[in-house]
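Notes follow once the structure below has been shown.
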Amino acid sequence: MKFAYLLAGGCGGCDMAIVDLSEKLVDALEHLEIVFWAPTVADVKYKDLKAMPDKSVDIGFVSGMVRNKENEELVKVMREKCKILVAYGICAALGGIPGMANLHTKDELLENAYIKCPSVDNPDNVLPSPVSEVNGYKLTLPELLDYVKPVSAVVEVDYFVGGCPPHHDHVAKIVEAIVSGNLPPKGSWITDGKSVCDYCPRNPALKGKTRDFIKEVKRMHEGKVDEEECLLQQGYLCLGPVTQGDCGALCTKAGIRCAGCGGPIPPTKDFGLRAISAITSLFENEKVAKQALEKYPVFAKLIYRYCLPGSMLGEKIEVLKKKEIVR
Ligand code: SF4
Ligand code: SF4
Ligand code: SF4
């Protein structure tokens, strides 16, 4: 099978998750011929991808979100060339952490990164520009889009994979499913469908108990984490109940609340809304709810940490910004 991989606007961590397959990657390469993996792994050019006949690639992975015009163009090329296209990793699937940029305007982001940031030395307040003249040379940069978009906002996606990055055991299962042709219906998430709680040794249900109400909300740096008790019950707003658990509950096993990188358990349409429902139904009283808002003043950054552009709220923010109703 011919395999292509494009890193769009992400960090490269999802590429690392494939390399982390180690000897399983060697096994996979008996079945997969890598025809394109850019810009991280193979020295191929975008023009090489564009020159391939349409639908000549059996399976393509896109990791990273769509942040600029180059990402947008290349994602469209991947769609043309690949029979099956996978939005691989939570950035590609729903926008990921960079998607929280959609709570700000493009101008605010550029000003903060290139002018206001304390570590920046930029006395002339120069901002990146799509075209610049340097020593008589014309240099170009891909233009930033107004919003971060998930891949599915640009092209049709056949499968979605969560995780930031996806856990390598999960990646191994995905590769096996691809090679064997044992894939779920198109448009699905590739997941075992269980939540992080299902894998978490702290889950009260495993001890025949139910979860207590939350009496006090705590950020992860506050208090001392009990080694065994459910983090949510301790007041740490763990998103394990609503998150795909294909990572095997990595964070909660290490005493850190799940922040939701696995993505929503299908068929959830909006991760944040489901998270609000799961968390707030455990608040003991209104005082706890007020405390949660004090401790997380931008609550969207808690419940939409990995998925704002792909959420119903994210779509509304785009519409409102276009109408200049919100900044
Ligand atoms: S999902 Fe995480 S690891 Fe993958 S590209 Fe995005 S930020 Fe990087
Ligand atoms: S809420 Fe979090 S800590 Fe509690 S059982 Fe679920 S994943 Fe584990
Ligand atoms: S526990 Fe949650 S945040 Fe941590 S890796 Fe798993 S899904 Fe991601």
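Chains: A, B, ... in order of the structure tokens. Residues: from 1 per chain. Ligands: from 1, in order shown.
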Could you give me, as a ChimeraX atom specification, every polymer residue with an atom at most 10 Å away from an atom of ligand 3, counting only C-alpha atoms and all ligand atoms?
/A:90,162-167,195-197,199-200,238-264,305-306
C-alpha atoms of the current selection, written as an mmCIF file, in the first residue's frame:
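Generated file (again-v9.cif):
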data_model
loop_
_atom_site.group_PDB
_atom_site.id
_atom_site.type_symbol
_atom_site.label_atom_id
_atom_site.label_comp_id
_atom_site.auth_asym_id
_atom_site.auth_seq_id
_atom_site.Cartn_x
_atom_site.Cartn_y
_atom_site.Cartn_z
ATOM 1 C CA ILE A 90 -6.136 15.839 17.783
ATOM 2 C CA GLY A 162 -7.338 11.530 18.691
ATOM 3 C CA GLY A 163 -4.379 12.034 20.995
ATOM 4 C CA CYS A 164 -1.684 14.657 21.388
ATOM 5 C CA PRO A 165 0.103 12.725 20.096
ATOM 6 C CA PRO A 166 -1.719 9.396 19.661
ATOM 7 C CA HIS A 167 -0.215 6.731 21.951
ATOM 8 C CA SER A 195 -13.197 6.354 28.064
ATOM 9 C CA VAL A 196 -10.050 7.215 30.004
ATOM 10 C CA CYS A 197 -11.995 6.264 33.158
ATOM 11 C CA TYR A 199 -8.613 2.351 31.867
ATOM 12 C CA CYS A 200 -7.978 4.350 35.028
ATOM 13 C CA CYS A 238 -10.354 15.520 35.152
ATOM 14 C CA LEU A 239 -11.936 15.065 31.713
ATOM 15 C CA GLY A 240 -11.449 11.281 31.739
ATOM 16 C CA PRO A 241 -15.184 10.484 31.786
ATOM 17 C CA VAL A 242 -15.732 12.091 28.360
ATOM 18 C CA THR A 243 -12.391 11.409 26.648
ATOM 19 C CA GLN A 244 -11.359 8.487 24.409
ATOM 20 C CA GLY A 245 -9.061 6.288 26.470
ATOM 21 C CA ASP A 246 -6.843 4.776 23.770
ATOM 22 C CA CYS A 247 -3.802 6.208 25.606
ATOM 23 C CA GLY A 248 -4.536 3.770 28.471
ATOM 24 C CA ALA A 249 -5.056 6.621 31.003
ATOM 25 C CA LEU A 250 -1.437 7.748 30.806
ATOM 26 C CA CYS A 251 -1.874 11.000 32.719
ATOM 27 C CA THR A 252 -4.140 9.870 35.537
ATOM 28 C CA LYS A 253 -1.847 6.909 36.252
ATOM 29 C CA ALA A 254 0.891 9.518 36.778
ATOM 30 C CA GLY A 255 -1.304 11.620 39.083
ATOM 31 C CA ILE A 256 -2.243 14.269 36.507
ATOM 32 C CA ARG A 257 -5.826 14.970 35.459
ATOM 33 C CA CYS A 258 -6.847 14.078 31.913
ATOM 34 C CA ALA A 259 -7.043 17.274 29.851
ATOM 35 C CA GLY A 260 -8.966 15.632 27.011
ATOM 36 C CA CYS A 261 -6.352 15.157 24.268
ATOM 37 C CA GLY A 262 -7.875 11.817 23.213
ATOM 38 C CA GLY A 263 -10.926 13.603 21.812
ATOM 39 C CA PRO A 264 -14.619 12.983 22.413
ATOM 40 C CA ARG A 305 -8.367 22.748 25.325
ATOM 41 C CA TYR A 306 -7.922 20.382 22.385
#
Using only C-alpha atoms and all ligand atoms, which residues have at least one atom no more than 6 Å from ligand 1? Output them as an mmCIF file with C-alpha atoms, in the first residue's frame.
data_model
loop_
_atom_site.group_PDB
_atom_site.id
_atom_site.type_symbol
_atom_site.label_atom_id
_atom_site.label_comp_id
_atom_site.auth_asym_id
_atom_site.auth_seq_id
_atom_site.Cartn_x
_atom_site.Cartn_y
_atom_site.Cartn_z
ATOM 1 C CA GLY A 10 1.343 20.869 14.016
ATOM 2 C CA CYS A 11 4.460 20.386 16.103
ATOM 3 C CA GLY A 12 5.846 17.087 14.748
ATOM 4 C CA GLY A 13 4.924 15.117 17.891
ATOM 5 C CA CYS A 14 2.439 13.032 15.915
ATOM 6 C CA SER A 63 -1.207 15.683 11.233
ATOM 7 C CA GLY A 64 -1.488 19.214 12.554
ATOM 8 C CA GLY A 89 -3.874 13.387 16.020
ATOM 9 C CA ILE A 90 -6.136 15.839 17.783
ATOM 10 C CA CYS A 91 -4.766 18.949 15.991
ATOM 11 C CA GLY A 96 -5.747 20.778 19.131
ATOM 12 C CA CYS A 164 -1.684 14.657 21.388
ATOM 13 C CA PRO A 165 0.103 12.725 20.096
#
From region 104-313 of chain A, collect each residue whose DSSP state is strand (DSSP E) and return the set as a ChimeraX atom specification.
/A:131-134,137-140,144-149,159-161,188-189
Go ahead and dump the residues you just picked, N, CA and C atoms, as a compact mmCIF listing (two decimals), in the first residue's frame.
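Generated output (selection_12.txt):
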# COMPACT_ATOMS: atom_id res chain seq x y z
N VAL A 131 5.10 38.89 2.20
CA VAL A 131 6.20 39.22 1.28
C VAL A 131 7.13 40.23 1.95
N SER A 132 8.45 39.98 1.92
CA SER A 132 9.42 40.93 2.47
C SER A 132 10.59 41.07 1.50
N GLU A 133 11.17 42.24 1.50
CA GLU A 133 12.39 42.48 0.71
C GLU A 133 13.57 42.44 1.65
N VAL A 134 14.55 41.57 1.42
CA VAL A 134 15.76 41.52 2.24
C VAL A 134 16.96 41.51 1.32
N TYR A 137 16.38 40.73 -2.17
CA TYR A 137 15.67 39.47 -2.47
C TYR A 137 14.23 39.58 -1.98
N LYS A 138 13.33 39.00 -2.75
CA LYS A 138 11.93 38.98 -2.31
C LYS A 138 11.68 37.65 -1.60
N LEU A 139 11.34 37.72 -0.31
CA LEU A 139 11.08 36.50 0.47
C LEU A 139 9.58 36.39 0.73
N THR A 140 9.07 35.17 0.65
CA THR A 140 7.64 34.99 0.89
C THR A 140 7.41 34.01 2.04
N LEU A 144 -1.04 33.71 7.09
CA LEU A 144 -1.85 33.11 8.17
C LEU A 144 -3.32 33.23 7.84
N LEU A 145 -4.09 32.20 8.15
CA LEU A 145 -5.54 32.30 8.02
C LEU A 145 -6.09 33.03 9.25
N ASP A 146 -7.31 33.49 9.17
CA ASP A 146 -7.89 34.20 10.32
C ASP A 146 -8.12 33.25 11.49
N TYR A 147 -8.39 31.99 11.20
CA TYR A 147 -8.72 31.03 12.25
C TYR A 147 -7.95 29.74 12.05
N VAL A 148 -7.73 29.03 13.14
CA VAL A 148 -7.23 27.65 13.05
C VAL A 148 -8.41 26.78 12.62
N LYS A 149 -8.15 25.87 11.68
CA LYS A 149 -9.24 24.98 11.23
C LYS A 149 -8.80 23.53 11.40
N TYR A 159 -11.26 9.22 8.22
CA TYR A 159 -11.14 8.72 9.61
C TYR A 159 -10.47 9.76 10.49
N PHE A 160 -10.82 9.73 11.77
CA PHE A 160 -10.25 10.66 12.74
C PHE A 160 -9.52 9.86 13.82
N VAL A 161 -8.38 10.40 14.23
CA VAL A 161 -7.62 9.77 15.32
C VAL A 161 -7.32 10.84 16.35
N SER A 188 -15.66 7.74 10.75
CA SER A 188 -15.56 7.36 12.17
C SER A 188 -14.24 7.80 12.78
N TRP A 189 -14.24 7.86 14.10
CA TRP A 189 -12.99 7.92 14.85
C TRP A 189 -12.44 6.50 14.93
Pick out the residues sitting within 12 Å of Glu286 (chain A), and hand them over as a ChimeraX atom specification; count only C-alpha atoms, and ignore anything fewer than 5 positions along from it in its own chain.
/A:214-217,280-281,291-293
If you keep N, CA and C atoms, can you produce a file of those selected residues as a PDB file, in the first residue's frame?
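result.pdb was written with the following content:
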ATOM      1  N   ILE A 214     -18.096  16.782  44.198  1.00  0.00           N
ATOM      2  CA  ILE A 214     -16.885  17.601  44.362  1.00  0.00           C
ATOM      3  C   ILE A 214     -17.197  18.714  45.357  1.00  0.00           C
ATOM      4  N   LYS A 215     -16.380  18.802  46.409  1.00  0.00           N
ATOM      5  CA  LYS A 215     -16.626  19.809  47.453  1.00  0.00           C
ATOM      6  C   LYS A 215     -15.748  21.037  47.279  1.00  0.00           C
ATOM      7  N   GLU A 216     -14.621  20.860  46.596  1.00  0.00           N
ATOM      8  CA  GLU A 216     -13.693  21.976  46.401  1.00  0.00           C
ATOM      9  C   GLU A 216     -12.945  21.763  45.085  1.00  0.00           C
ATOM     10  N   VAL A 217     -12.894  22.807  44.253  1.00  0.00           N
ATOM     11  CA  VAL A 217     -12.166  22.698  42.974  1.00  0.00           C
ATOM     12  C   VAL A 217     -10.703  23.069  43.200  1.00  0.00           C
ATOM     13  N   THR A 280     -19.971  19.390  35.897  1.00  0.00           N
ATOM     14  CA  THR A 280     -20.822  20.212  36.770  1.00  0.00           C
ATOM     15  C   THR A 280     -21.900  19.379  37.469  1.00  0.00           C
ATOM     16  N   SER A 281     -22.244  18.242  36.883  1.00  0.00           N
ATOM     17  CA  SER A 281     -23.241  17.410  37.568  1.00  0.00           C
ATOM     18  C   SER A 281     -22.673  16.845  38.874  1.00  0.00           C
ATOM     19  N   GLN A 291     -16.533  28.679  42.443  1.00  0.00           N
ATOM     20  CA  GLN A 291     -15.099  28.464  42.660  1.00  0.00           C
ATOM     21  C   GLN A 291     -14.430  27.980  41.362  1.00  0.00           C
ATOM     22  N   ALA A 292     -15.129  27.103  40.625  1.00  0.00           N
ATOM     23  CA  ALA A 292     -14.576  26.595  39.357  1.00  0.00           C
ATOM     24  C   ALA A 292     -14.326  27.746  38.391  1.00  0.00           C
ATOM     25  N   LEU A 293     -15.261  28.699  38.327  1.00  0.00           N
ATOM     26  CA  LEU A 293     -15.100  29.825  37.408  1.00  0.00           C
ATOM     27  C   LEU A 293     -13.998  30.779  37.867  1.00  0.00           C
TER      28      LEU A 293
END
Check the DSSP output for the backbone and give back, as a PDB file with C-alpha atoms, in the first residue's frame, the residues of region 88-168 of chain A in helix (DSSP H, G or I).
ATOM      1  CA  ILE A  90      -6.136  15.839  17.783  1.00  0.00           C
ATOM      2  CA  CYS A  91      -4.766  18.949  15.991  1.00  0.00           C
ATOM      3  CA  ALA A  92      -5.788  17.510  12.632  1.00  0.00           C
ATOM      4  CA  ALA A  93      -9.050  16.071  13.967  1.00  0.00           C
ATOM      5  CA  LEU A  94     -10.358  19.044  15.975  1.00  0.00           C
ATOM      6  CA  ILE A  97      -4.127  23.151  21.595  1.00  0.00           C
ATOM      7  CA  PRO A  98      -3.212  25.656  18.836  1.00  0.00           C
ATOM      8  CA  GLY A  99      -6.969  25.910  18.245  1.00  0.00           C
ATOM      9  CA  MET A 100      -7.319  27.978  21.400  1.00  0.00           C
ATOM     10  CA  ALA A 101      -5.867  30.778  19.277  1.00  0.00           C
ATOM     11  CA  ASN A 102      -9.415  31.138  17.936  1.00  0.00           C
ATOM     12  CA  LEU A 103     -10.312  32.887  21.191  1.00  0.00           C
ATOM     13  CA  LYS A 106      -4.875  37.166  14.344  1.00  0.00           C
ATOM     14  CA  ASP A 107      -3.568  40.682  15.111  1.00  0.00           C
ATOM     15  CA  GLU A 108      -3.598  40.033  18.869  1.00  0.00           C
ATOM     16  CA  LEU A 109      -1.670  36.806  18.375  1.00  0.00           C
ATOM     17  CA  LEU A 110       0.996  38.414  16.167  1.00  0.00           C
ATOM     18  CA  GLU A 111       1.388  41.369  18.526  1.00  0.00           C
ATOM     19  CA  ASN A 112       1.785  39.111  21.542  1.00  0.00           C
ATOM     20  CA  ALA A 113       4.249  36.751  19.854  1.00  0.00           C
ATOM     21  CA  TYR A 114       6.417  39.314  18.075  1.00  0.00           C
ATOM     22  CA  ILE A 115       6.133  42.510  20.136  1.00  0.00           C
ATOM     23  CA  LYS A 116       4.782  42.076  23.667  1.00  0.00           C
ATOM     24  CA  VAL A 151      -8.662  19.272   8.434  1.00  0.00           C
ATOM     25  CA  SER A 152     -12.353  18.382   8.030  1.00  0.00           C
ATOM     26  CA  ALA A 153     -13.175  22.103   7.656  1.00  0.00           C
ATOM     27  CA  HIS A 168       2.140   4.444  19.986  1.00  0.00           C
TER      28      HIS A 168
END
With distances taken over only C-alpha atoms, which of A:Leu49, A:Val171, A:Ile178, A:Val155 is nearest to Ala17 (chain A)?
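Among the listed residues, A:Val171 lies closest to Ala17 (chain A).
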12 Å contact set for region 42-45 of chain A, only C-alpha atoms, chain neighbours under 6 positions out, as a compact mmCIF listing (two decimals) with C-alpha atoms, in the first residue's frame:
# COMPACT_ATOMS: atom_id res chain seq x y z
CA ALA A 4 1.74 9.51 2.36
CA TYR A 5 2.13 11.69 5.44
CA LEU A 6 1.78 15.47 5.62
CA LEU A 7 2.57 17.52 8.69
CA ASP A 15 5.25 12.07 13.51
CA ILE A 34 6.18 5.55 2.00
CA VAL A 35 5.83 7.78 -1.06
CA PHE A 36 5.71 11.12 0.76
CA ALA A 51 2.88 15.51 -9.58
CA MET A 52 1.44 12.19 -8.37
CA LEU A 74 -1.48 20.97 0.75
So, with only C-alpha atoms and all ligand atoms as the atoms that count, which of A:Leu141, A:Ile279, A:Ala289, A:Val298 lies closest to ligand 2?
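Smallest distance to ligand 2 is found for A:Ile279.
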Polymer residues at most 8 Å from region 224-229 of chain A, only C-alpha atoms, same-chain spacing of 6 or more positions, as a ChimeraX atom specification
/A:201-204,255
Deliver the residues from the most recent selection as a file, using N, CA and C atoms, as a compact mmCIF listing (two decimals), in the first residue's frame.
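Saved file out_29.txt follows:
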# COMPACT_ATOMS: atom_id res chain seq x y z
N PRO A 201 -6.98 3.22 36.96
CA PRO A 201 -7.05 2.45 38.20
C PRO A 201 -7.70 3.21 39.35
N ARG A 202 -7.87 4.52 39.18
CA ARG A 202 -8.49 5.33 40.22
C ARG A 202 -10.03 5.27 40.16
N ASN A 203 -10.55 4.68 39.09
CA ASN A 203 -12.00 4.70 38.87
C ASN A 203 -12.76 4.07 40.05
N PRO A 204 -13.61 4.83 40.73
CA PRO A 204 -14.33 4.27 41.88
C PRO A 204 -15.17 3.05 41.51
N GLY A 255 -0.83 10.63 38.11
CA GLY A 255 -1.30 11.62 39.08
C GLY A 255 -1.65 12.97 38.49
Check the smallest atom-to-atom distance from each of A:Val154, A:Cys307, A:Ala300, A:Ile84 to Lys69 (chain A) using only C-alpha atoms, then report the winner.
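With only C-alpha atoms as the atom set, the closest residue is A:Val154.
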Env of Leu85 (chain A): 9 Å cut, atoms = only C-alpha atoms, seq-sep filter 3 positions within chain, self excluded. Answer as a PyMOL selection string.
chain A and resi 58-62+78-79+82+156-160
Provide the CA of Gly314 (chain A) to CA of Val86 (chain A) distance in Å, to one decimal place.
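A separation of 21.4 Å between them.
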Taking into account only C-alpha atoms and all ligand atoms, which residue in the set A:Leu237, A:Met312, A:Leu232, A:Leu282 is nearest to ligand 2?
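The answer is A:Leu232, which sits nearest to ligand 2.
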